[in-house]
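Everything below belongs to model-v5.cif, which stores mmCIF, C-alpha atoms.
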data_data
loop_
_atom_site.group_PDB
_atom_site.id
_atom_site.type_symbol
_atom_site.label_atom_id
_atom_site.label_comp_id
_atom_site.auth_asym_id
_atom_site.auth_seq_id
_atom_site.Cartn_x
_atom_site.Cartn_y
_atom_site.Cartn_z
ATOM 1 C CA CYS X 1 31.819 3.532 -8.246
ATOM 2 C CA THR X 2 30.709 6.624 -10.185
ATOM 3 C CA ALA X 3 29.075 9.362 -8.096
ATOM 4 C CA ARG X 4 25.300 9.218 -8.560
ATOM 5 C CA SER X 5 21.961 10.184 -7.048
ATOM 6 C CA GLY X 6 18.630 8.378 -7.147
ATOM 7 C CA ALA X 7 20.239 4.924 -7.197
ATOM 8 C CA ALA X 8 18.523 1.863 -5.681
ATOM 9 C CA LEU X 9 20.245 -0.032 -2.867
ATOM 10 C CA VAL X 10 19.065 -3.502 -1.843
ATOM 11 C CA THR X 11 20.417 -6.127 0.557
ATOM 12 C CA VAL X 12 20.260 -9.714 -0.719
ATOM 13 C CA GLY X 13 21.765 -12.221 1.696
ATOM 14 C CA ASP X 14 25.133 -10.885 2.879
ATOM 15 C CA LYS X 15 25.640 -8.748 -0.239
ATOM 16 C CA VAL X 16 24.435 -5.234 -1.064
ATOM 17 C CA TYR X 17 23.416 -4.402 -4.641
ATOM 18 C CA LEU X 18 23.332 -0.921 -6.156
ATOM 19 C CA PHE X 19 21.395 -0.348 -9.365
ATOM 20 C CA GLY X 20 21.081 2.650 -11.667
ATOM 21 C CA GLY X 21 21.055 6.271 -10.581
ATOM 22 C CA GLN X 22 21.967 9.544 -12.237
ATOM 23 C CA GLU X 23 25.246 11.472 -12.400
ATOM 24 C CA PRO X 24 24.442 14.757 -10.604
ATOM 25 C CA ASN X 25 26.316 17.118 -12.936
ATOM 26 C CA THR X 26 25.769 15.655 -16.412
ATOM 27 C CA GLY X 27 22.363 14.023 -15.819
ATOM 28 C CA VAL X 28 23.561 10.758 -17.382
ATOM 29 C CA CYS X 29 21.540 7.763 -16.144
ATOM 30 C CA PHE X 30 22.977 4.318 -15.403
ATOM 31 C CA ASN X 31 21.708 0.741 -15.684
ATOM 32 C CA ASP X 32 24.710 -0.997 -14.177
ATOM 33 C CA VAL X 33 24.711 -3.220 -11.069
ATOM 34 C CA LEU X 34 27.403 -3.002 -8.400
ATOM 35 C CA GLU X 35 27.863 -5.570 -5.639
ATOM 36 C CA LEU X 36 29.235 -4.763 -2.184
ATOM 37 C CA ASP X 37 30.821 -7.647 -0.267
ATOM 38 C CA THR X 38 30.083 -6.958 3.410
ATOM 39 C CA ASP X 39 32.997 -9.151 4.507
ATOM 40 C CA THR X 40 35.653 -7.195 2.599
ATOM 41 C CA TRP X 41 33.686 -3.947 1.981
ATOM 42 C CA ILE X 42 34.830 -3.962 -1.643
ATOM 43 C CA TRP X 43 32.583 -2.859 -4.523
ATOM 44 C CA THR X 44 32.541 -4.900 -7.744
ATOM 45 C CA GLN X 45 30.896 -3.829 -10.997
ATOM 46 C CA LEU X 46 29.111 -6.928 -12.261
ATOM 47 C CA GLN X 47 29.305 -8.223 -15.806
ATOM 48 C CA ILE X 48 25.682 -8.698 -16.844
ATOM 49 C CA ILE X 49 24.604 -11.620 -19.036
ATOM 50 C CA GLY X 50 21.864 -10.971 -21.617
ATOM 51 C CA PRO X 51 19.335 -8.102 -21.721
ATOM 52 C CA ARG X 52 19.151 -5.391 -19.107
ATOM 53 C CA PRO X 53 16.631 -2.680 -18.147
ATOM 54 C CA PRO X 54 16.842 0.819 -19.625
ATOM 55 C CA ALA X 55 18.988 3.236 -17.623
ATOM 56 C CA ARG X 56 17.032 4.997 -14.876
ATOM 57 C CA HIS X 57 17.021 6.721 -11.530
ATOM 58 C CA SER X 58 14.457 7.040 -8.699
ATOM 59 C CA CYS X 59 12.983 3.550 -9.073
ATOM 60 C CA VAL X 60 11.473 1.182 -6.485
ATOM 61 C CA ALA X 61 13.644 -1.828 -5.639
ATOM 62 C CA ALA X 62 13.387 -4.677 -3.115
ATOM 63 C CA SER X 63 14.867 -8.056 -2.243
ATOM 64 C CA PHE X 64 12.881 -11.024 -3.558
ATOM 65 C CA LYS X 65 13.146 -14.821 -3.152
ATOM 66 C CA ASP X 66 16.406 -14.586 -1.156
ATOM 67 C CA HIS X 67 18.490 -14.292 -4.347
ATOM 68 C CA CYS X 68 16.797 -11.665 -6.510
ATOM 69 C CA MET X 69 16.259 -7.918 -6.714
ATOM 70 C CA VAL X 70 12.969 -6.661 -8.172
ATOM 71 C CA VAL X 71 12.873 -3.195 -9.766
ATOM 72 C CA TYR X 72 9.815 -1.140 -10.720
ATOM 73 C CA GLY X 73 9.465 2.184 -12.522
ATOM 74 C CA GLY X 74 11.721 5.191 -12.115
ATOM 75 C CA ALA X 75 12.687 7.689 -14.816
ATOM 76 C CA GLY X 76 15.207 7.765 -17.659
ATOM 77 C CA VAL X 77 15.782 9.597 -20.915
ATOM 78 C CA GLN X 78 12.324 8.458 -22.061
ATOM 79 C CA GLY X 79 10.636 9.883 -18.964
ATOM 80 C CA ALA X 80 8.693 8.061 -16.235
ATOM 81 C CA LEU X 81 8.600 4.252 -16.431
ATOM 82 C CA SER X 82 6.183 1.512 -15.360
ATOM 83 C CA ASP X 83 8.133 -1.644 -16.208
ATOM 84 C CA VAL X 84 9.187 -4.478 -13.902
ATOM 85 C CA TRP X 85 12.583 -6.187 -13.968
ATOM 86 C CA VAL X 86 14.116 -8.918 -11.813
ATOM 87 C CA PHE X 87 17.866 -9.307 -11.279
ATOM 88 C CA ASN X 88 19.056 -12.807 -10.378
ATOM 89 C CA CYS X 89 22.023 -12.288 -8.072
ATOM 90 C CA ARG X 90 23.230 -15.874 -8.556
ATOM 91 C CA ASP X 91 23.609 -15.970 -12.324
ATOM 92 C CA LYS X 92 23.958 -12.183 -12.775
ATOM 93 C CA SER X 93 21.119 -11.859 -15.292
ATOM 94 C CA TRP X 94 17.973 -9.744 -15.775
ATOM 95 C CA SER X 95 14.472 -10.834 -16.769
ATOM 96 C CA SER X 96 11.269 -8.853 -17.326
ATOM 97 C CA PRO X 97 8.200 -10.804 -16.127
ATOM 98 C CA ARG X 98 4.776 -10.115 -17.658
ATOM 99 C CA ALA X 99 2.274 -9.367 -14.923
ATOM 100 C CA LYS X 100 -1.451 -9.886 -15.516
ATOM 101 C CA GLY X 101 -3.916 -7.089 -14.940
ATOM 102 C CA GLN X 102 -3.744 -3.347 -15.532
ATOM 103 C CA PRO X 103 -0.257 -1.921 -14.833
ATOM 104 C CA PRO X 104 -0.174 1.277 -12.797
ATOM 105 C CA ALA X 105 0.599 4.680 -14.264
ATOM 106 C CA ALA X 106 4.291 5.269 -14.938
ATOM 107 C CA ARG X 107 6.040 7.044 -12.070
ATOM 108 C CA GLU X 108 9.330 8.002 -10.472
ATOM 109 C CA THR X 109 10.320 8.664 -6.831
ATOM 110 C CA ALA X 110 7.645 6.260 -5.542
ATOM 111 C CA ALA X 111 8.229 4.272 -2.349
ATOM 112 C CA GLY X 112 7.944 0.501 -2.099
ATOM 113 C CA VAL X 113 8.354 -2.320 0.370
ATOM 114 C CA MET X 114 7.963 -6.099 0.413
ATOM 115 C CA ALA X 115 4.729 -6.449 2.347
ATOM 116 C CA ASP X 116 4.899 -10.245 2.223
ATOM 117 C CA ARG X 117 7.341 -12.784 0.826
ATOM 118 C CA ASP X 118 5.940 -12.338 -2.687
ATOM 119 C CA VAL X 119 3.980 -9.056 -2.530
ATOM 120 C CA LEU X 120 5.555 -5.715 -3.451
ATOM 121 C CA LEU X 121 3.574 -2.700 -2.230
ATOM 122 C CA ILE X 122 4.097 0.611 -4.063
ATOM 123 C CA HIS X 123 2.888 3.997 -2.808
ATOM 124 C CA GLY X 124 2.825 7.437 -4.386
ATOM 125 C CA GLY X 125 5.489 8.833 -6.691
ATOM 126 C CA ARG X 126 5.431 11.448 -9.425
ATOM 127 C CA SER X 127 3.806 10.604 -12.764
ATOM 128 C CA ALA X 128 4.826 11.756 -16.244
ATOM 129 C CA ASP X 129 2.543 14.823 -16.052
ATOM 130 C CA GLY X 130 4.283 15.994 -12.869
ATOM 131 C CA LYS X 131 1.387 15.044 -10.585
ATOM 132 C CA VAL X 132 2.312 13.715 -7.138
ATOM 133 C CA ARG X 133 0.291 10.558 -6.629
ATOM 134 C CA ASP X 134 -1.484 9.164 -3.546
ATOM 135 C CA ASP X 135 -2.347 5.638 -4.721
ATOM 136 C CA VAL X 136 -1.268 2.241 -3.387
ATOM 137 C CA ILE X 137 -0.694 -0.741 -5.688
ATOM 138 C CA GLN X 138 0.252 -4.325 -4.901
ATOM 139 C CA LEU X 139 2.279 -6.507 -7.249
ATOM 140 C CA HIS X 140 1.856 -10.203 -6.527
ATOM 141 C CA MET X 141 5.009 -12.081 -7.536
ATOM 142 C CA GLY X 142 4.159 -15.725 -6.936
ATOM 143 C CA ASP X 143 3.853 -18.389 -9.640
ATOM 144 C CA ASP X 144 1.594 -16.025 -11.607
ATOM 145 C CA TRP X 145 2.567 -12.352 -11.552
ATOM 146 C CA CYS X 146 -0.453 -10.085 -11.173
ATOM 147 C CA TRP X 147 -1.154 -6.398 -10.548
ATOM 148 C CA GLY X 148 -3.692 -5.607 -7.844
ATOM 149 C CA SER X 149 -6.271 -2.849 -7.964
ATOM 150 C CA SER X 150 -5.117 0.713 -7.319
ATOM 151 C CA SER X 151 -6.460 2.443 -4.199
ATOM 152 C CA ARG X 152 -6.417 6.141 -3.261
ATOM 153 C CA THR X 153 -5.066 7.110 0.159
ATOM 154 C CA ARG X 154 -5.419 10.932 0.180
ATOM 155 C CA LEU X 155 -1.723 11.025 1.131
ATOM 156 C CA SER X 156 0.132 12.424 -1.879
ATOM 157 C CA ARG X 157 3.865 11.833 -1.596
ATOM 158 C CA CYS X 158 6.979 11.435 -3.705
ATOM 159 C CA ALA X 159 10.652 11.048 -2.722
ATOM 160 C CA HIS X 160 9.421 9.638 0.613
ATOM 161 C CA THR X 161 10.053 6.352 2.440
ATOM 162 C CA LEU X 162 7.783 3.398 3.165
ATOM 163 C CA VAL X 163 8.758 0.666 5.612
ATOM 164 C CA ALA X 164 6.941 -2.404 6.945
ATOM 165 C CA LEU X 165 7.528 -2.697 10.676
ATOM 166 C CA PRO X 166 6.596 -6.162 11.998
ATOM 167 C CA VAL X 167 4.285 -5.983 15.009
ATOM 168 C CA THR X 168 3.575 -9.022 17.185
ATOM 169 C CA HIS X 169 0.656 -9.083 19.587
ATOM 170 C CA GLN X 170 -0.787 -11.615 21.974
ATOM 171 C CA GLN X 171 -4.228 -13.038 21.307
ATOM 172 C CA GLN X 172 -6.224 -15.089 23.763
ATOM 173 C CA GLN X 173 -8.004 -18.162 22.444
ATOM 174 C CA PRO X 174 -10.154 -20.555 24.487
ATOM 175 C CA ALA X 175 -8.671 -24.019 24.823
ATOM 176 C CA GLN X 176 -10.319 -27.107 26.277
ATOM 177 C CA GLN X 177 -8.537 -29.638 28.458
ATOM 178 C CA GLN X 178 -10.214 -33.010 28.944
ATOM 179 C CA GLY X 179 -9.893 -34.231 32.524
ATOM 180 C CA VAL X 180 -10.863 -37.594 34.019
ATOM 181 C CA THR X 181 -14.329 -36.492 35.105
ATOM 182 C CA THR X 182 -14.531 -32.754 34.193
ATOM 183 C CA LEU X 183 -14.047 -30.477 31.193
ATOM 184 C CA VAL X 184 -11.992 -27.356 32.067
ATOM 185 C CA THR X 185 -11.855 -24.284 29.786
ATOM 186 C CA THR X 186 -8.613 -22.244 29.950
ATOM 187 C CA GLN X 187 -7.131 -19.312 28.031
ATOM 188 C CA GLN X 188 -4.373 -20.129 25.562
ATOM 189 C CA HIS X 189 -2.127 -17.311 24.347
ATOM 190 C CA THR X 190 -1.053 -17.253 20.721
ATOM 191 C CA GLN X 191 1.127 -14.780 18.870
ATOM 192 C CA GLN X 192 0.026 -13.097 15.664
ATOM 193 C CA GLN X 193 2.221 -10.846 13.544
ATOM 194 C CA HIS X 194 1.236 -8.125 11.109
ATOM 195 C CA HIS X 195 3.057 -5.223 9.501
ATOM 196 C CA GLN X 196 2.630 -1.572 10.343
ATOM 197 C CA LEU X 197 3.198 0.386 7.130
ATOM 198 C CA LEU X 198 4.920 3.679 7.916
ATOM 199 C CA VAL X 199 5.279 6.604 5.498
ATOM 200 C CA PHE X 200 7.715 9.371 6.424
ATOM 201 C CA GLY X 201 8.639 12.683 4.807
ATOM 202 C CA GLY X 202 8.736 13.373 1.079
ATOM 203 C CA PHE X 203 7.177 16.050 -1.115
ATOM 204 C CA SER X 204 3.387 16.418 -1.221
ATOM 205 C CA GLY X 205 3.193 18.521 -4.366
ATOM 206 C CA ASN X 206 2.946 21.670 -2.242
ATOM 207 C CA THR X 207 5.500 21.349 0.533
ATOM 208 C CA VAL X 208 8.324 19.229 1.934
ATOM 209 C CA GLU X 209 6.860 17.038 4.680
ATOM 210 C CA GLY X 210 8.177 15.921 8.060
ATOM 211 C CA SER X 211 5.208 13.904 9.304
ATOM 212 C CA LEU X 212 4.969 10.175 9.913
ATOM 213 C CA TRP X 213 1.849 8.320 8.788
ATOM 214 C CA ALA X 214 0.544 4.766 8.999
ATOM 215 C CA LEU X 215 -1.344 3.191 6.115
ATOM 216 C CA GLN X 216 -4.179 1.076 7.495
ATOM 217 C CA GLN X 217 -6.220 -1.218 5.295
ATOM 218 C CA ARG X 218 -9.914 -2.058 5.698
ATOM 219 C CA HIS X 219 -12.071 -5.170 5.249
ATOM 220 C CA GLN X 220 -10.952 -8.743 5.409
ATOM 221 C CA GLN X 221 -10.104 -10.201 2.019
ATOM 222 C CA THR X 222 -9.587 -9.321 -1.581
ATOM 223 C CA VAL X 223 -8.766 -11.298 -4.696
ATOM 224 C CA PHE X 224 -6.394 -10.023 -7.352
ATOM 225 C CA GLY X 225 -7.432 -11.781 -10.565
ATOM 226 C CA SER X 226 -7.766 -15.364 -9.410
ATOM 227 C CA ILE X 227 -5.079 -15.128 -6.742
ATOM 228 C CA PRO X 228 -6.225 -14.671 -3.122
ATOM 229 C CA ILE X 229 -3.750 -12.774 -0.944
ATOM 230 C CA THR X 230 -3.982 -14.563 2.401
ATOM 231 C CA ASP X 231 -0.412 -15.021 3.670
ATOM 232 C CA CYS X 232 -0.490 -12.452 6.468
ATOM 233 C CA PRO X 233 -3.309 -10.506 8.153
ATOM 234 C CA TRP X 234 -2.703 -7.096 6.629
ATOM 235 C CA ALA X 235 -2.162 -8.451 3.092
ATOM 236 C CA ALA X 236 -5.505 -10.285 3.283
ATOM 237 C CA GLN X 237 -7.381 -7.042 3.849
ATOM 238 C CA SER X 238 -8.948 -5.145 0.978
ATOM 239 C CA LEU X 239 -7.665 -1.965 -0.606
ATOM 240 C CA HIS X 240 -10.721 -1.599 -2.829
ATOM 241 C CA ASP X 241 -12.587 0.899 -0.624
ATOM 242 C CA GLY X 242 -9.596 2.998 0.335
ATOM 243 C CA VAL X 243 -6.887 3.113 2.962
ATOM 244 C CA ASP X 244 -7.374 4.815 6.312
ATOM 245 C CA LEU X 245 -4.654 7.148 7.528
ATOM 246 C CA GLN X 246 -3.521 7.707 11.078
ATOM 247 C CA THR X 247 -0.912 10.314 11.886
ATOM 248 C CA LEU X 248 1.829 9.275 14.287
ATOM 249 C CA MET X 249 4.353 11.184 16.370
ATOM 250 C CA ALA X 250 7.857 10.950 14.943
ATOM 251 C CA ALA X 251 9.423 10.787 18.394
ATOM 252 C CA LYS X 252 8.232 10.236 21.937
ATOM 253 C CA CYS X 253 8.533 12.726 24.792
ATOM 254 C CA GLY X 254 10.682 11.617 27.677
ATOM 255 C CA SER X 255 11.562 12.711 31.201
ATOM 256 C CA ASN X 256 14.668 14.836 31.718
ATOM 257 C CA GLY X 257 15.036 13.517 35.237
ATOM 258 C CA GLY X 258 14.192 16.887 36.757
ATOM 259 C CA GLY X 259 10.457 16.548 36.934
ATOM 260 C CA GLY X 260 9.830 18.432 33.707
ATOM 261 C CA SER X 261 9.168 17.296 30.189
ATOM 262 C CA LYS X 262 11.926 17.019 27.640
ATOM 263 C CA LYS X 263 11.218 18.938 24.456
ATOM 264 C CA GLN X 264 9.949 16.626 21.761
ATOM 265 C CA ASP X 265 12.714 15.922 19.239
ATOM 266 C CA CYS X 266 11.315 15.297 15.756
ATOM 267 C CA PRO X 267 13.115 15.145 12.423
ATOM 268 C CA ASP X 268 13.121 18.200 10.192
ATOM 269 C CA PRO X 269 10.980 17.979 7.045
ATOM 270 C CA ARG X 270 12.869 16.227 4.237
ATOM 271 C CA PHE X 271 12.732 14.294 0.997
ATOM 272 C CA ALA X 272 15.105 11.902 -0.803
ATOM 273 C CA HIS X 273 16.128 10.384 2.526
ATOM 274 C CA ALA X 274 16.615 6.717 3.471
ATOM 275 C CA ALA X 275 14.745 4.591 6.020
ATOM 276 C CA ALA X 276 14.969 0.963 7.115
ATOM 277 C CA CYS X 277 13.901 -1.419 9.884
ATOM 278 C CA LEU X 278 16.883 -2.459 12.022
ATOM 279 C CA PRO X 279 17.318 -4.313 15.337
ATOM 280 C CA ASP X 280 17.075 -2.100 18.397
ATOM 281 C CA PRO X 281 20.627 -1.866 19.861
ATOM 282 C CA GLN X 282 19.233 -2.090 23.398
ATOM 283 C CA HIS X 283 16.710 -4.837 22.615
ATOM 284 C CA PRO X 284 17.943 -6.783 19.544
ATOM 285 C CA SER X 285 14.770 -8.868 19.377
ATOM 286 C CA ASN X 286 12.788 -5.684 18.603
ATOM 287 C CA LEU X 287 12.934 -3.640 15.410
ATOM 288 C CA VAL X 288 13.060 0.136 15.081
ATOM 289 C CA VAL X 289 12.762 2.451 12.077
ATOM 290 C CA VAL X 290 15.967 4.365 11.301
ATOM 291 C CA VAL X 291 15.786 7.519 9.132
ATOM 292 C CA VAL X 292 19.000 8.891 7.614
ATOM 293 C CA GLY X 293 19.749 12.142 5.797
ATOM 294 C CA GLY X 294 17.824 13.659 2.919
ATOM 295 C CA VAL X 295 17.408 17.247 1.772
ATOM 296 C CA ASN X 296 15.047 20.171 2.353
ATOM 297 C CA PRO X 297 14.879 23.718 0.959
ATOM 298 C CA LEU X 298 17.410 24.929 3.537
ATOM 299 C CA GLU X 299 20.133 22.272 3.614
ATOM 300 C CA ASP X 300 21.422 18.806 2.902
ATOM 301 C CA LEU X 301 20.868 16.696 6.023
ATOM 302 C CA MET X 302 23.323 14.282 7.643
ATOM 303 C CA ASP X 303 21.326 13.338 10.749
ATOM 304 C CA VAL X 304 19.937 10.039 12.045
ATOM 305 C CA TYR X 305 16.569 9.541 13.788
ATOM 306 C CA ILE X 306 15.014 6.437 15.342
ATOM 307 C CA TRP X 307 11.288 5.781 15.706
ATOM 308 C CA GLN X 308 10.027 2.925 17.886
#
Exercise: express the given structure as C-alpha cells:
Amino acid sequence: CTARSGAALVTVGDKVYLFGGQEPNTGVCFNDVLELDTDTWIWTQLQIIGPRPPARHSCVAASFKDHCMVVYGGAGVQGALSDVWVFNCRDKSWSSPRAKGQPPAARETAAGVMADRDVLLIHGGRSADGKVRDDVIQLHMGDDWCWGSSSRTRLSRCAHTLVALPVTHQQQQPAQQQGVTTLVTTQQHTQQQHHQLLVFGGFSGNTVEGSLWALQQRHQQTVFGSIPITDCPWAAQSLHDGVDLQTLMAAKCGSNGGGGSKKQDCPDPRFAHAAACLPDPQHPSNLVVVVVGGVNPLEDLMDVYIWQ
C-alpha cells in the first residue's frame, strides 16, 4: 500500500476498504481501492471492472446497503469536486448515480455520516474559492436519489469529524387493560432511538478547533422533492429553518478519590483526525465516540480520547 494522506477508509461487513488519497511528497492523487481482510490482516489492491471516479483526496465516504461504499466530493487535479460514486464491494465495480435536485457546491475536507440506512448527511468542508463552509446537506439514496435543501449552521468547519451516536430513551405511553368489570389505565414503557450528531475539531477558517458540538434539527417533517424522510425521528425533522447548535464538554470531570476534583482532561485542538462510534469496553451494549490522532500547528498527534 503506497503511503498517502487524505484517503477514505470504510468498513463494509468484515472487510475494510481504502479509497484514494494523496502521496504526501509528490502530491499525486489516487483512485484505487484496497481491501483489508480482517481475518488475515492482509491488504489486497482490487482490480476494478469498468469506469472509476477521478483520482482524489479528502472526500466523504460511508458504508451503504451492506455491500457498497458511497463517495462524495473531495479534491483532485481539477480542484474541488461535487460528484457521487458508489463502489459495489461484491462485483468490484463503480457507478455514478444521478441525484435529483440541486447538487451542493463542490468541496473537500467535508465530514459525512450515514444518518439513516439510506441518508448520507454532509457538513462543512472547504469550497473551490477556499471558503470554509457551515452548511448541512442530506443525500437521499433510496430508489430515487435526491439532494435535500442546504441549511446553514453557523458552525464553519473543514477537516473535522462528524459521527452519529445512537441514543435510546424511554417514553411512557398510556395503555388500557380491559378487565371483567373495570377499565384500568396503566403506563407502558416504549423505547425510541434517535441519533446525536457530534462535530469535533477541524479548522474554522480562522483557527484550529478543539470543541465538541451537537447539531440539533428543528421542526417535525420535511420533504425532499417528492420523497418524505420519515425513517427515524431526527431525519424526519426539517433543516429548512436552520440547525441549532449546543456546545458539549469533550470530557467529564471525575473524582480523584481524595475529595477533590480531577482536572478536566480534554483533547488538544486538532484537524485531520479520525473519529468513530465503538462499543464501550466496560459496557459493550453502549457506544462511545473514539477520537484518534490528527495534527495541529504544534505537532502531529498520536493520542486517543473517548467521549461518552
List every protein, DNA or RNA residue that has at least one atom no more than 6 Å from (8.1, 9.5, -8.8) in the file's coordinates, counting all atoms listed in the file, and write the result as a PyMOL selection string. chain X and resi 107-110+125-127+158
Output for the residues just chosen: C-alpha atoms as an mmCIF file, keeping the file's coordinate frame:
data_model
loop_
_atom_site.group_PDB
_atom_site.id
_atom_site.type_symbol
_atom_site.label_atom_id
_atom_site.label_comp_id
_atom_site.auth_asym_id
_atom_site.auth_seq_id
_atom_site.Cartn_x
_atom_site.Cartn_y
_atom_site.Cartn_z
ATOM 1 C CA ARG X 107 6.040 7.044 -12.070
ATOM 2 C CA GLU X 108 9.330 8.002 -10.472
ATOM 3 C CA THR X 109 10.320 8.664 -6.831
ATOM 4 C CA ALA X 110 7.645 6.260 -5.542
ATOM 5 C CA GLY X 125 5.489 8.833 -6.691
ATOM 6 C CA ARG X 126 5.431 11.448 -9.425
ATOM 7 C CA SER X 127 3.806 10.604 -12.764
ATOM 8 C CA CYS X 158 6.979 11.435 -3.705
#
What is the distance, in Å and to one decimal place, between atom CA of Ile122 of chain X and atom CA of Phe200 of chain X?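 Taking atom CA of Ile122 of chain X and atom CA of Phe200 of chain X, their separation equals 14.1 Å.
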Find the residue from X:Arg52, X:His67, X:His57, X:Arg98 that sits nearest to Leu18 of chain X; use only C-alpha atoms when measuring. X:His57
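Distances here use all atoms listed in the file; by that measure, the residue among X:Phe203, X:Trp307, X:Phe19, X:Trp41 closest to Leu165 of chain X is X:Trp307.
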What's the separation between atom CA of Arg117 of chain X and atom CA of Leu198 of chain X, in Å to one decimal place?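 Separation between atom CA of Arg117 of chain X and atom CA of Leu198 of chain X: 18.1 Å.
All protein and nucleic acid residues in the vicinity of (20.4, -0.9, 13.1), that is within 10 Å when counting all atoms listed in the file, are X:Ala276, X:Cys277, X:Leu278, X:Pro279, X:Asp280, X:Pro281, X:Pro284, X:Leu287, X:Val288, X:Val289, X:Val290, X:Ile306.
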Could you state the separation of atom CA of Trp213 of chain X and atom CA of Val199 of chain X in Å, given to one decimal place?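 A separation of 5.1 Å between them.
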Written as a tab-separated table (two decimals) with C-alpha atoms, in the coordinates of the input, which residues does the PyMOL selection byres ((chain X and resi 34-40) around 7) give for the file shown?
chain	number	residue	atom	x	y	z
X	14	ASP	CA	25.13	-10.88	2.88
X	15	LYS	CA	25.64	-8.75	-0.24
X	16	VAL	CA	24.44	-5.23	-1.06
X	17	TYR	CA	23.42	-4.40	-4.64
X	18	LEU	CA	23.33	-0.92	-6.16
X	19	PHE	CA	21.40	-0.35	-9.36
X	32	ASP	CA	24.71	-1.00	-14.18
X	33	VAL	CA	24.71	-3.22	-11.07
X	41	TRP	CA	33.69	-3.95	1.98
X	42	ILE	CA	34.83	-3.96	-1.64
X	43	TRP	CA	32.58	-2.86	-4.52
X	44	THR	CA	32.54	-4.90	-7.74
X	45	GLN	CA	30.90	-3.83	-11.00
X	46	LEU	CA	29.11	-6.93	-12.26
Target residues per the PyMOL selection byres ((chain X and resi 294-301) around 10), formatted as a compact mmCIF listing (two decimals) with C-alpha atoms, in the coordinates of the input:
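New file part_20.txt:
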# COMPACT_ATOMS: atom_id res chain seq x y z
CA ALA X 159 10.65 11.05 -2.72
CA HIS X 160 9.42 9.64 0.61
CA GLY X 201 8.64 12.68 4.81
CA GLY X 202 8.74 13.37 1.08
CA PHE X 203 7.18 16.05 -1.12
CA THR X 207 5.50 21.35 0.53
CA VAL X 208 8.32 19.23 1.93
CA GLU X 209 6.86 17.04 4.68
CA GLY X 210 8.18 15.92 8.06
CA ASP X 268 13.12 18.20 10.19
CA PRO X 269 10.98 17.98 7.04
CA ARG X 270 12.87 16.23 4.24
CA PHE X 271 12.73 14.29 1.00
CA ALA X 272 15.10 11.90 -0.80
CA HIS X 273 16.13 10.38 2.53
CA ALA X 274 16.61 6.72 3.47
CA VAL X 291 15.79 7.52 9.13
CA VAL X 292 19.00 8.89 7.61
CA GLY X 293 19.75 12.14 5.80
CA MET X 302 23.32 14.28 7.64
CA ASP X 303 21.33 13.34 10.75
CA VAL X 304 19.94 10.04 12.04
Nearest-residue call for Ala7 of chain X, choices X:His195, X:Lys65, X:Lys100, X:Arg56, using only C-alpha atoms: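 Residue with the minimum atom-to-atom distance to Ala7 of chain X: X:Arg56.
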Considering all atoms listed in the file, give me a table of residues in segment 6-51 of chain X that are at most 8 Å from segment 68-91 of chain X, with the closest atom pair and distance in Å for each, as a tab-separated table.
residue	atom	partner	partner_atom	distance
X:Val10	CA	X:Met69	CA	7.1
X:Val12	CA	X:Cys68	CA	7.0
X:Cys29	CA	X:Gly76	CA	6.5
Which residues are close to Ala111 of chain X, i.e. within 6 Å by all atoms listed in the file, leaving aside same-chain residues fewer than 4 positions away? Reply as an NGL selection string. :X and (122-123 or 161-162)
Considering only C-alpha atoms, state which residue in the set X:Gly130, X:Glu23, X:Cys146, X:Gln47 is at the smallest distance from Pro97 of chain X.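 Selected residue with least distance to Pro97 of chain X: X:Cys146.
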Residues picked by the PyMOL selection byres ((chain X and resi 104) around 10) here, as a ChimeraX atom specification? /X:73,81-83,101-103,105-107,122,135-139,147-150
Nearest residue to Ala115 of chain X out of X:Ser63, X:Thr2, X:Asn31, X:Thr26, using all atoms listed in the file? X:Ser63
Counting all atoms listed in the file, which of X:Ala99, X:Met114, X:Leu212, X:Ala8 gets nearest to Cys266 of chain X? X:Leu212
